[in-house]
Each structure stands twice: as C-alpha cells, then as structure tokens.
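Scroll down for the structure; my scribbles are underneath it.
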Amino acid sequence: MNKIKKGPKKLPEFNSPEEELRFFETHDMADYWDQLEKADTVIQLAPALAQRIRERMKKRMLAIRLEEWQITSAKEIAKRKGIPYQQLMREWISRGIRLERSSKRRAE
C-alpha cells in the first residue's frame, strides 16, 4: 500500500485573537512557517529586560542527573532563603569551583 504524500499544512482562519493565540501555543510552527506574515515591526524592550536577556544568553543549558533527595533538599533550602532552587544550585556550584581553584593554587 502506497502512502499519499501530504502537502504543507494550511494555516486555519481564526475567529478571534484568543483562538489564534491558543493555536500558536499548541502547534509546531515549523509546519506553517512559510505561511506566516513577515513582521517589520521593531519592538523596543525595556532596558532592564534587554539586560536580563543579554545576561541569560551568556549562560549555557546543562543537564545533569541528581538524586531525588538532592533536588528536594535544594528546593527546601531555596524556599527558606526565598530564591529559586536553580539559582541556589548555581551559587553552590560556583562556590565549589572557586574553592577548588583556590585550593589548587595554594597547593602549587
């Protein structure tokens, strides 16, 4: 049995901006990319937001596997400190790296 090749998906007509938003939040835009209108509008970001974006771009995503108790403990400690647990874990990693680097220099 031969499969019939389907053409590109057609972007539906929307009855409201809310319906359009729901669609774009739940569908892969790769299927509709060629049908989207080009936008020439330049968006001016608030300086603080632009700075946060630039700072975030300096970081790389890293996936590590941790024991469940480590994650739970970090979340509890972070909650007590009033900060996100990922931020707390980054601080711990930074502190550990600085400690290791300084102890290596002293040993040399």
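Residues in the structure tokens are named by chain (A, B, ... in the order shown) and by number from 1 within that chain; ligands are numbered from 1 in the order shown.
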- What are the DSSP alpha helix (DSSP H) residues of chain A, as a PyMOL selection string? chain A and resi 17-26+47-57+68-81+85-107
- Message: Quick one: residues within 9 Å of Leu36 (chain A), only C-alpha atoms, excluding same-chain residues fewer than 3 positions away - as a list in words?
- Response: Leu11, Tyr32 and Trp33 of chain A
Those residues you just picked out, can you put them in a file as a PDB file, in the first residue's frame with C-alpha atoms?
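Generated output (result.pdb):
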```pdb
ATOM      1  CA  LEU A  11      -2.887  27.742   8.446  1.00  0.00           C
ATOM      2  CA  TYR A  32       3.303  26.717   8.997  1.00  0.00           C
ATOM      3  CA  TRP A  33       6.492  28.803   8.770  1.00  0.00           C
TER       4      TRP A  33
END
```
- Message: Just the number, please: distance in Å from CA of Glu37 (chain A) to CA of Arg54 (chain A), one decimal.
- Response: 27.1 Å
- Task: Please identify all polymer residues within 10 Å of Asp31 (chain A), counting only C-alpha atoms, omitting same-chain residues fewer than 3 positions from it, and present them as a PyMOL selection string.
- Result: chain A and resi 8-11+27-28+34-35
- Note on the structure: CA of Met89 (chain A) sits from CA of Arg56 (chain A) at a separation of 16.0 Å
